[in-house]
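Enquirer: This one is model14.txt, compact mmCIF, C-alpha atoms.
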# COMPACT_ATOMS: atom_id res chain seq x y z
CA MET F 250 -22.04 3.50 31.25
CA SER F 251 -22.04 2.94 27.49
CA GLU F 252 -21.22 -0.45 26.02
CA THR F 253 -18.03 -0.81 23.96
CA VAL F 254 -18.74 -1.04 20.26
CA ARG F 255 -16.80 -3.81 18.51
CA GLU F 256 -16.79 -4.07 14.71
CA LYS F 257 -15.61 -7.28 13.05
CA ILE F 258 -13.60 -7.88 9.90
CA ASP F 259 -13.05 -11.31 8.42
CA ALA F 260 -9.80 -10.97 6.46
CA ARG F 261 -9.00 -14.67 6.45
CA GLY F 262 -7.40 -15.67 3.14
CA ALA F 263 -6.04 -12.17 2.47
CA PHE F 264 -2.29 -11.78 2.10
CA CYS F 265 -0.04 -9.03 3.48
CA PRO F 266 -0.76 -6.14 3.63
CA GLY F 267 -4.46 -6.83 2.96
CA PRO F 268 -5.57 -7.38 6.59
CA LEU F 269 -3.75 -4.25 7.78
CA MET F 270 -5.32 -2.18 5.01
CA GLU F 271 -8.78 -3.47 5.86
CA LEU F 272 -8.21 -2.63 9.51
CA ILE F 273 -7.06 0.91 8.73
CA ALA F 274 -9.96 1.58 6.37
CA LYS F 275 -12.40 0.46 9.08
CA LEU F 276 -10.63 2.51 11.77
CA LYS F 277 -11.34 5.64 9.74
CA LEU F 278 -15.06 4.94 10.03
CA VAL F 279 -15.49 4.14 13.72
CA ASN F 280 -15.50 6.42 16.77
CA ILE F 281 -12.70 6.92 19.28
CA GLY F 282 -12.96 4.19 21.91
CA ASP F 283 -14.58 1.70 19.53
CA GLU F 284 -12.87 -1.65 18.97
CA ILE F 285 -12.23 -3.61 15.82
CA GLU F 286 -11.75 -7.35 15.85
CA ILE F 287 -10.00 -8.59 12.74
CA TRP F 288 -9.62 -12.24 11.81
CA SER F 289 -6.48 -12.95 9.80
CA SER F 290 -4.86 -16.14 8.57
CA ASP F 291 -1.79 -14.17 7.47
CA LYS F 292 1.00 -14.97 9.96
CA GLY F 293 2.65 -11.59 9.42
CA SER F 294 -0.42 -9.81 10.77
CA VAL F 295 0.35 -11.11 14.28
CA ASN F 296 3.45 -8.90 14.38
CA ASP F 297 2.62 -6.27 11.78
CA ILE F 298 -0.70 -5.10 13.17
CA PRO F 299 0.60 -4.56 16.75
CA GLU F 300 3.64 -2.78 15.32
CA TRP F 301 1.43 -0.46 13.26
CA VAL F 302 -0.91 0.13 16.23
CA LYS F 303 2.06 1.12 18.41
CA LYS F 304 3.54 3.39 15.75
CA VAL F 305 0.38 5.37 15.09
CA LYS F 306 -0.68 5.34 18.77
CA HIS F 307 -3.87 3.33 18.83
CA GLU F 308 -4.28 0.55 21.43
CA MET F 309 -3.94 -3.21 21.25
CA VAL F 310 -6.67 -5.00 23.16
CA GLY F 311 -5.49 -8.55 22.51
CA ILE F 312 -4.53 -11.35 20.15
CA THR F 313 -6.00 -14.84 20.31
CA GLN F 314 -4.96 -17.80 18.22
CA GLU F 315 -8.00 -19.63 16.88
CA ASP F 316 -8.26 -22.66 14.62
CA GLY F 317 -6.27 -21.60 11.55
CA TYR F 318 -6.39 -17.87 12.13
CA TRP F 319 -5.73 -15.12 14.65
CA SER F 320 -8.26 -12.79 16.22
CA ILE F 321 -6.66 -9.38 16.74
CA VAL F 322 -8.53 -6.66 18.62
CA VAL F 323 -7.59 -2.99 18.33
CA ARG F 324 -9.11 0.06 20.04
CA LYS F 325 -9.24 3.38 18.21
CA ALA F 326 -7.44 5.84 20.50
CA LYS F 327 -7.40 9.09 18.50
CA MET J 48 9.76 17.65 2.52
CA ALA J 49 10.17 15.76 5.79
CA SER J 50 13.41 13.84 6.18
CA ASN J 51 11.56 10.62 6.95
CA THR J 52 9.94 10.62 3.50
CA LEU J 53 10.34 7.38 1.58
CA TYR J 54 11.23 7.86 -2.08
CA ILE J 55 10.74 4.91 -4.41
CA LEU J 56 12.13 4.92 -7.93
CA LEU J 57 10.17 2.23 -9.77
CA CYS J 58 11.70 1.35 -13.14
CA SER J 59 10.98 -2.34 -13.49
CA GLY J 60 7.78 -3.61 -15.04
CA GLU J 61 8.34 -6.99 -13.42
CA HIS J 62 5.30 -8.01 -11.40
CA GLU J 63 7.28 -8.96 -8.30
CA LYS J 64 9.01 -5.57 -8.13
CA VAL J 65 5.81 -3.64 -8.77
CA GLN J 66 4.16 -5.70 -6.01
CA MET J 67 6.99 -4.91 -3.58
CA ALA J 68 6.87 -1.21 -4.46
CA ALA J 69 3.11 -1.12 -3.86
CA MET J 70 3.46 -2.97 -0.55
CA MET J 71 6.20 -0.68 0.73
CA ALA J 72 4.50 2.48 -0.49
CA SER J 73 1.09 1.65 0.96
CA VAL J 74 2.31 0.35 4.32
CA ALA J 75 4.68 3.29 4.83
CA ALA J 76 1.95 5.76 3.87
CA VAL J 77 -0.58 4.34 6.31
CA SER J 78 2.13 4.34 8.98
CA GLU J 79 2.15 8.14 8.86
CA ARG J 80 5.23 8.34 6.67
CA PRO J 81 5.13 10.47 3.51
CA VAL J 82 5.88 8.47 0.34
CA GLU J 83 6.75 9.60 -3.17
CA VAL J 84 6.95 7.11 -6.04
CA PHE J 85 8.58 8.03 -9.34
CA VAL J 86 7.51 5.66 -12.12
CA SER J 87 9.68 5.33 -15.20
CA MET J 88 10.93 2.95 -17.95
CA ASN J 89 9.07 -0.38 -18.22
CA ALA J 90 7.13 0.35 -15.03
CA ILE J 91 5.12 3.11 -16.74
CA GLU J 92 3.46 0.51 -18.97
CA VAL J 93 2.17 -1.37 -15.93
CA PHE J 94 -0.01 1.63 -15.10
CA ALA J 95 -1.72 1.80 -18.51
CA LYS J 96 -5.43 2.51 -18.15
CA GLY J 97 -8.04 -0.17 -18.72
CA VAL J 98 -5.79 -3.22 -18.72
CA SER J 99 -6.80 -6.48 -17.02
CA ALA J 100 -4.61 -7.88 -14.24
CA ALA J 101 -3.66 -10.81 -16.48
CA GLU J 102 -2.35 -8.44 -19.15
CA ARG J 103 -0.86 -5.96 -16.71
CA TYR J 104 1.43 -8.17 -14.65
CA HIS J 105 4.26 -10.26 -16.04
CA GLY J 106 7.11 -11.80 -14.11
CA GLY J 107 8.75 -14.96 -12.92
CA ALA J 108 7.63 -17.92 -10.85
CA PHE J 109 6.62 -15.73 -7.94
CA SER J 110 4.35 -13.67 -10.17
CA LYS J 111 2.36 -16.82 -10.93
CA LEU J 112 2.09 -17.53 -7.21
CA LEU J 113 0.93 -13.99 -6.50
CA LYS J 114 -1.80 -14.36 -9.12
CA ASP J 115 -2.80 -17.88 -8.06
CA LYS J 116 -3.03 -16.90 -4.39
CA LYS J 117 -4.83 -13.66 -5.21
CA ALA J 118 -2.33 -11.42 -3.46
CA PRO J 119 -3.52 -7.80 -3.21
CA ASP J 120 -3.42 -6.07 -6.61
CA PRO J 121 -0.65 -3.43 -6.68
CA MET J 122 -3.01 -0.87 -8.25
CA THR J 123 -5.39 -1.34 -5.33
CA LEU J 124 -2.54 -1.03 -2.82
CA PHE J 125 -1.32 2.22 -4.37
CA GLN J 126 -4.89 3.59 -4.30
CA GLN J 127 -5.33 2.55 -0.66
CA GLY J 128 -2.05 4.23 0.25
CA LYS J 129 -3.27 7.43 -1.40
CA GLU J 130 -6.66 7.30 0.31
CA LEU J 131 -5.40 6.39 3.77
CA GLY J 132 -2.01 8.12 3.88
CA ASP J 133 0.29 10.66 2.26
CA LEU J 134 1.31 8.83 -0.92
CA LYS J 135 2.07 10.55 -4.20
CA LEU J 136 2.91 8.95 -7.53
CA TRP J 137 4.74 10.81 -10.27
CA ALA J 138 4.98 9.74 -13.89
CA CYS J 139 8.44 10.25 -15.39
CA SER J 140 8.03 12.93 -18.04
CA MET J 141 10.79 11.37 -20.16
CA ALA J 142 9.05 7.96 -20.13
CA LEU J 143 5.77 9.61 -21.15
CA ASP J 144 7.56 11.46 -23.97
CA VAL J 145 9.25 8.30 -25.24
CA LYS J 146 5.96 6.41 -25.22
CA GLY J 147 4.12 9.34 -26.79
CA TRP J 148 1.66 9.19 -23.87
CA GLU J 149 -0.14 11.82 -21.87
CA LEU J 150 -1.19 11.31 -18.25
CA ASP J 151 -4.63 10.23 -19.43
CA HIS J 152 -3.10 7.02 -20.81
CA LEU J 153 -2.50 5.99 -17.20
CA GLU J 154 -4.89 4.71 -14.53
CA ASP J 155 -7.30 7.39 -13.36
CA GLU J 156 -6.64 9.11 -10.03
CA MET J 157 -3.33 7.28 -9.60
CA PHE J 158 -0.74 9.90 -10.55
CA ASP J 159 -0.28 13.33 -9.02
CA GLY J 160 1.30 14.58 -12.22
CA PRO J 161 4.29 14.25 -14.53
CA MET J 162 7.71 14.95 -13.03
CA GLY J 163 11.29 15.20 -14.23
CA LEU J 164 14.06 13.14 -12.67
CA THR J 165 15.99 16.24 -11.62
CA LYS J 166 13.13 17.48 -9.44
CA PHE J 167 12.57 14.02 -7.95
CA LEU J 168 16.27 13.61 -7.09
CA SER J 169 16.36 17.09 -5.59
CA ASP J 170 13.30 16.37 -3.42
CA ALA J 171 14.79 13.03 -2.37
CA GLU J 172 18.11 14.39 -1.08
CA GLU J 173 17.10 14.15 2.57
CA GLY J 174 14.85 11.12 2.53
CA GLN J 175 15.29 7.37 2.21
CA PHE J 176 15.69 6.29 -1.40
CA ILE J 177 14.83 2.86 -2.77
CA THR J 178 15.10 1.72 -6.39
CA LEU J 179 13.15 -1.18 -7.84
The structure in this file should be written as structure tokens.
Expert:
Amino acid sequence: MSETVREKIDARGAFCPGPLMELIAKLKLVNIGDEIEIWSSDKGSVNDIPEWVKKVKHEMVGITQEDGYWSIVVRKAK
Amino acid sequence: MASNTLYILLCSGEHEKVQMAAMMASVAAVSERPVEVFVSMNAIEVFAKGVSAAERYHGGAFSKLLKDKKAPDPMTLFQQGKELGDLKLWACSMALDVKGWELDHLEDEMFDGPMGLTKFLSDAEEGQFITL
């Protein structure tokens, strides 16, 4: 069984819609089934990224609040 | 054109309004929604080629905050929307005529061409229309 690939993006300090744009640009480059973990200090990302993921039919893996930022993990589904 | 297309008429050269237009256009485009932006009046000058961000953007108190906090540059957001989604920008042919400009006065690879208001309004009849 192959291991899940997880790419990381540190978008802390970027304002809306910077983290979302960085996520989307990276999603274009990875394979279906790969995950992207994005770190964002932008509060809007906590709602905006899951909303975008739902709309375009990728998959949310999870959101974790860390010290001063959120870790948001998305799986490329198509 | 699909009825869910977002049409943005950008007339203001005010930094805050250009920022909002770029945010809406780029986010809608990457959310699989077609977007068409018609740029006219003072807004056309914002897209002049080879201008620094300090010279390009002028506005009120919030403009200073956007610059101080290094909010995403509207030119970058428009480019990202074009690269990652279905976003088209049109330069108002009347504004170009009044300025005495050709498309090559504007940022490279930003505009899809000149367009008249009549054509833009006709295309926009079935979409959502926002003016800034």
Enquirer: Could the residues of chain F within 9 Å of chain J, counting all atoms listed in the file, be given as a PDB file with C-alpha atoms, in the frame of the given file, please?
Expert:
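What landed in out_10.pdb:
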ATOM      1  CA  GLY F 262      -7.400 -15.670   3.140  1.00  0.00           C
ATOM      2  CA  ALA F 263      -6.040 -12.170   2.470  1.00  0.00           C
ATOM      3  CA  PHE F 264      -2.290 -11.780   2.100  1.00  0.00           C
ATOM      4  CA  CYS F 265      -0.040  -9.030   3.480  1.00  0.00           C
ATOM      5  CA  PRO F 266      -0.760  -6.140   3.630  1.00  0.00           C
ATOM      6  CA  GLY F 267      -4.460  -6.830   2.960  1.00  0.00           C
ATOM      7  CA  LEU F 269      -3.750  -4.250   7.780  1.00  0.00           C
ATOM      8  CA  MET F 270      -5.320  -2.180   5.010  1.00  0.00           C
ATOM      9  CA  ILE F 273      -7.060   0.910   8.730  1.00  0.00           C
ATOM     10  CA  ALA F 274      -9.960   1.580   6.370  1.00  0.00           C
ATOM     11  CA  LYS F 277     -11.340   5.640   9.740  1.00  0.00           C
ATOM     12  CA  TRP F 301       1.430  -0.460  13.260  1.00  0.00           C
ATOM     13  CA  VAL F 302      -0.910   0.130  16.230  1.00  0.00           C
ATOM     14  CA  LYS F 304       3.540   3.390  15.750  1.00  0.00           C
ATOM     15  CA  VAL F 305       0.380   5.370  15.090  1.00  0.00           C
TER      16      VAL F 305
END
Enquirer: With distances taken over all atoms listed in the file, which of J:Met88, J:Met141, J:Leu134, J:Ala100 is nearest to Met157 of chain J?
Expert: J:Leu134
Enquirer: Give me the residues near Ala95 of chain J as a PDB file with C-alpha atoms, in the frame of the given file, where near means some atom within 9 Å (using all atoms listed in the file) and where sequence neighbours in that chain fewer than 6 positions away do not count.
Expert:
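Result file follows (selection_26.pdb):
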ATOM      1  CA  ARG J 103      -0.860  -5.960 -16.710  1.00  0.00           C
ATOM      2  CA  ASP J 151      -4.630  10.230 -19.430  1.00  0.00           C
ATOM      3  CA  HIS J 152      -3.100   7.020 -20.810  1.00  0.00           C
ATOM      4  CA  LEU J 153      -2.500   5.990 -17.200  1.00  0.00           C
ATOM      5  CA  GLU J 154      -4.890   4.710 -14.530  1.00  0.00           C
TER       6      GLU J 154
END
Enquirer: Please, what distance in Å, to one decimal, runs between atom CA of Phe109 of chain J and atom CA of Gly293 of chain F?
Expert: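 Value for the atom CA of Phe109 of chain J-atom CA of Gly293 of chain F distance: 18.3 Å.
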Enquirer: When you count all atoms listed in the file, which of these residues is closest to Val279 of chain F: F:Thr253, F:Thr313, F:Ser294, F:Ser320?
Expert: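 Ranking F:Thr253, F:Thr313, F:Ser294, F:Ser320 by distance to Val279 of chain F, first place goes to F:Thr253.
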Enquirer: Using all atoms listed in the file, which residue out of J:Met67, J:Ser169, J:Gly97, J:Val84 lies closest to Leu53 of chain J?
Expert: J:Val84
Enquirer: How many Å lie between atom CA of Glu83 of chain J and atom CA of Tyr54 of chain J, rounded to one decimal?
Expert: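 Computing the Euclidean distance for atom CA of Glu83 of chain J and atom CA of Tyr54 of chain J yields 4.9 Å.
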Enquirer: Grab the atom CA of Gly160 of chain J to atom CA of Val86 of chain J distance for me, in Å with one decimal place.
Expert: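 About the pair atom CA of Gly160 of chain J and atom CA of Val86 of chain J: they are 10.9 Å apart.
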Enquirer: For segment 253-260 of chain F, take all atoms listed in the file, fit an axis-aligned box around them, add 6 Å to each of the six sides, then output centre and edge lengths in Å rounded to one decimal, as lines of an AutoDock Vina configuration file.
Expert:
center_x = -14.3
center_y = -6.1
center_z = 15.2
size_x = 20.9
size_y = 22.5
size_z = 29.5
Enquirer: For Met309 of chain F, list every protein, DNA or RNA residue within 7 Å, evaluated using only C-alpha atoms, and leave out those in the same chain fewer than 4 positions away; present the list as a list in words.
Expert: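 Non-adjacent residues within range: Pro299, Val302, Val322, Val323 and Arg324 of chain F.
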Enquirer: What does the file look like for those residues with C-alpha atoms, as a CSV table (one decimal), in the frame of the given file?
Expert:
chain,number,residue,atom,x,y,z
F,299,PRO,CA,0.6,-4.6,16.8
F,302,VAL,CA,-0.9,0.1,16.2
F,322,VAL,CA,-8.5,-6.7,18.6
F,323,VAL,CA,-7.6,-3.0,18.3
F,324,ARG,CA,-9.1,0.1,20.0
Enquirer: So which one's closest to Ile91 of chain J, J:Pro121, J:Asn51, J:Lys129, J:Trp137? Using all atoms listed in the file, please.
Expert: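 Checking each candidate against Ile91 of chain J, we get J:Trp137 as the closest.
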Enquirer: Neighbouring residues of Gly106 of chain J were defined as those with any atom within 9 Å, considering only C-alpha atoms; residues of the same chain fewer than 2 positions away were excluded. Please report them as a list in words.
Expert: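 Returned residues: Gly60, Glu61, His62, Glu63, Lys64, Tyr104, Ala108, Phe109, Ser110 and Lys111 of chain J.
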Enquirer: Counting all atoms listed in the file, which residue out of J:Glu102, J:Glu173, J:Arg80, J:Lys96 sits closest to Glu149 of chain J?
Expert: J:Lys96
Enquirer: Of the candidates J:Met122, J:Met162, J:Val93, J:Val145, which one gets nearest to Cys58 of chain J if we count all atoms listed in the file?
Expert: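 The shortest atom-to-atom distance to Cys58 of chain J comes from J:Val93.
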Enquirer: Output requested as an mmCIF file, in the frame of the given file - segment 77-109 of chain J, filled out with N, CA and C atoms.
Expert:
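rebuild_19.cif, freshly written:
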data_model
loop_
_atom_site.group_PDB
_atom_site.id
_atom_site.type_symbol
_atom_site.label_atom_id
_atom_site.label_comp_id
_atom_site.auth_asym_id
_atom_site.auth_seq_id
_atom_site.Cartn_x
_atom_site.Cartn_y
_atom_site.Cartn_z
ATOM 1 N N VAL J 77 0.417 4.462 5.236
ATOM 2 C CA VAL J 77 -0.580 4.340 6.310
ATOM 3 C C VAL J 77 0.082 4.338 7.695
ATOM 4 N N SER J 78 1.403 4.263 7.722
ATOM 5 C CA SER J 78 2.130 4.340 8.980
ATOM 6 C C SER J 78 2.620 5.764 9.244
ATOM 7 N N GLU J 79 1.921 6.712 8.647
ATOM 8 C CA GLU J 79 2.150 8.140 8.860
ATOM 9 C C GLU J 79 3.525 8.591 8.371
ATOM 10 N N ARG J 80 3.973 7.953 7.284
ATOM 11 C CA ARG J 80 5.230 8.340 6.670
ATOM 12 C C ARG J 80 4.943 8.823 5.238
ATOM 13 N N PRO J 81 5.363 10.023 4.886
ATOM 14 C CA PRO J 81 5.130 10.470 3.510
ATOM 15 C C PRO J 81 5.900 9.583 2.517
ATOM 16 N N VAL J 82 5.271 9.331 1.366
ATOM 17 C CA VAL J 82 5.880 8.470 0.340
ATOM 18 C C VAL J 82 5.723 9.133 -1.021
ATOM 19 N N GLU J 83 6.796 9.097 -1.792
ATOM 20 C CA GLU J 83 6.750 9.600 -3.170
ATOM 21 C C GLU J 83 7.292 8.501 -4.070
ATOM 22 N N VAL J 84 6.540 8.167 -5.104
ATOM 23 C CA VAL J 84 6.950 7.110 -6.040
ATOM 24 C C VAL J 84 7.114 7.733 -7.421
ATOM 25 N N PHE J 85 8.288 7.519 -7.998
ATOM 26 C CA PHE J 85 8.580 8.030 -9.340
ATOM 27 C C PHE J 85 8.588 6.822 -10.275
ATOM 28 N N VAL J 86 7.691 6.831 -11.255
ATOM 29 C CA VAL J 86 7.510 5.660 -12.120
ATOM 30 C C VAL J 86 8.092 5.954 -13.495
ATOM 31 N N SER J 87 9.027 5.090 -13.922
ATOM 32 C CA SER J 87 9.680 5.330 -15.200
ATOM 33 C C SER J 87 9.946 4.002 -15.926
ATOM 34 N N MET J 88 10.534 4.103 -17.109
ATOM 35 C CA MET J 88 10.930 2.950 -17.950
ATOM 36 C C MET J 88 9.787 1.931 -18.078
ATOM 37 N N ASN J 89 10.113 0.639 -17.988
ATOM 38 C CA ASN J 89 9.070 -0.380 -18.220
ATOM 39 C C ASN J 89 7.915 -0.280 -17.224
ATOM 40 N N ALA J 90 8.188 0.285 -16.055
ATOM 41 C CA ALA J 90 7.130 0.350 -15.030
ATOM 42 C C ALA J 90 5.966 1.226 -15.474
ATOM 43 N N ILE J 91 6.213 2.205 -16.338
ATOM 44 C CA ILE J 91 5.120 3.110 -16.740
ATOM 45 C C ILE J 91 4.031 2.324 -17.462
ATOM 46 N N GLU J 92 4.438 1.288 -18.200
ATOM 47 C CA GLU J 92 3.460 0.510 -18.970
ATOM 48 C C GLU J 92 2.519 -0.291 -18.066
ATOM 49 N N VAL J 93 2.999 -0.611 -16.874
ATOM 50 C CA VAL J 93 2.170 -1.370 -15.930
ATOM 51 C C VAL J 93 0.942 -0.560 -15.511
ATOM 52 N N PHE J 94 1.064 0.754 -15.578
ATOM 53 C CA PHE J 94 -0.010 1.630 -15.100
ATOM 54 C C PHE J 94 -0.960 2.056 -16.218
ATOM 55 N N ALA J 95 -0.838 1.439 -17.399
ATOM 56 C CA ALA J 95 -1.720 1.800 -18.510
ATOM 57 C C ALA J 95 -3.183 1.598 -18.117
ATOM 58 N N LYS J 96 -4.001 2.526 -18.538
ATOM 59 C CA LYS J 96 -5.430 2.510 -18.150
ATOM 60 C C LYS J 96 -6.174 1.367 -18.850
ATOM 61 N N GLY J 97 -7.110 0.777 -18.122
ATOM 62 C CA GLY J 97 -8.040 -0.170 -18.720
ATOM 63 C C GLY J 97 -7.460 -1.506 -19.120
ATOM 64 N N VAL J 98 -6.427 -1.938 -18.411
ATOM 65 C CA VAL J 98 -5.790 -3.220 -18.720
ATOM 66 C C VAL J 98 -6.162 -4.227 -17.631
ATOM 67 N N SER J 99 -6.450 -5.455 -18.023
ATOM 68 C CA SER J 99 -6.800 -6.480 -17.020
ATOM 69 C C SER J 99 -5.542 -6.880 -16.242
ATOM 70 N N ALA J 100 -5.748 -7.450 -15.060
ATOM 71 C CA ALA J 100 -4.610 -7.880 -14.240
ATOM 72 C C ALA J 100 -3.758 -8.904 -14.976
ATOM 73 N N ALA J 101 -4.394 -9.774 -15.741
ATOM 74 C CA ALA J 101 -3.660 -10.810 -16.480
ATOM 75 C C ALA J 101 -2.721 -10.189 -17.508
ATOM 76 N N GLU J 102 -3.188 -9.116 -18.147
ATOM 77 C CA GLU J 102 -2.350 -8.440 -19.150
ATOM 78 C C GLU J 102 -1.322 -7.526 -18.500
ATOM 79 N N ARG J 103 -1.678 -6.988 -17.353
ATOM 80 C CA ARG J 103 -0.860 -5.960 -16.710
ATOM 81 C C ARG J 103 0.418 -6.518 -16.084
ATOM 82 N N TYR J 104 0.307 -7.680 -15.460
ATOM 83 C CA TYR J 104 1.430 -8.170 -14.650
ATOM 84 C C TYR J 104 2.137 -9.352 -15.293
ATOM 85 N N HIS J 105 3.426 -9.199 -15.496
ATOM 86 C CA HIS J 105 4.260 -10.260 -16.040
ATOM 87 C C HIS J 105 5.509 -10.385 -15.192
ATOM 88 N N GLY J 106 5.917 -11.620 -14.924
ATOM 89 C CA GLY J 106 7.110 -11.800 -14.110
ATOM 90 C C GLY J 106 7.548 -13.250 -14.108
ATOM 91 N N GLY J 107 8.218 -13.618 -13.036
ATOM 92 C CA GLY J 107 8.750 -14.960 -12.920
ATOM 93 C C GLY J 107 7.818 -15.888 -12.168
ATOM 94 N N ALA J 108 8.420 -16.905 -11.544
ATOM 95 C CA ALA J 108 7.630 -17.920 -10.850
ATOM 96 C C ALA J 108 6.793 -17.322 -9.723
ATOM 97 N N PHE J 109 7.352 -16.302 -9.068
ATOM 98 C CA PHE J 109 6.620 -15.730 -7.940
ATOM 99 C C PHE J 109 5.407 -14.930 -8.406
#
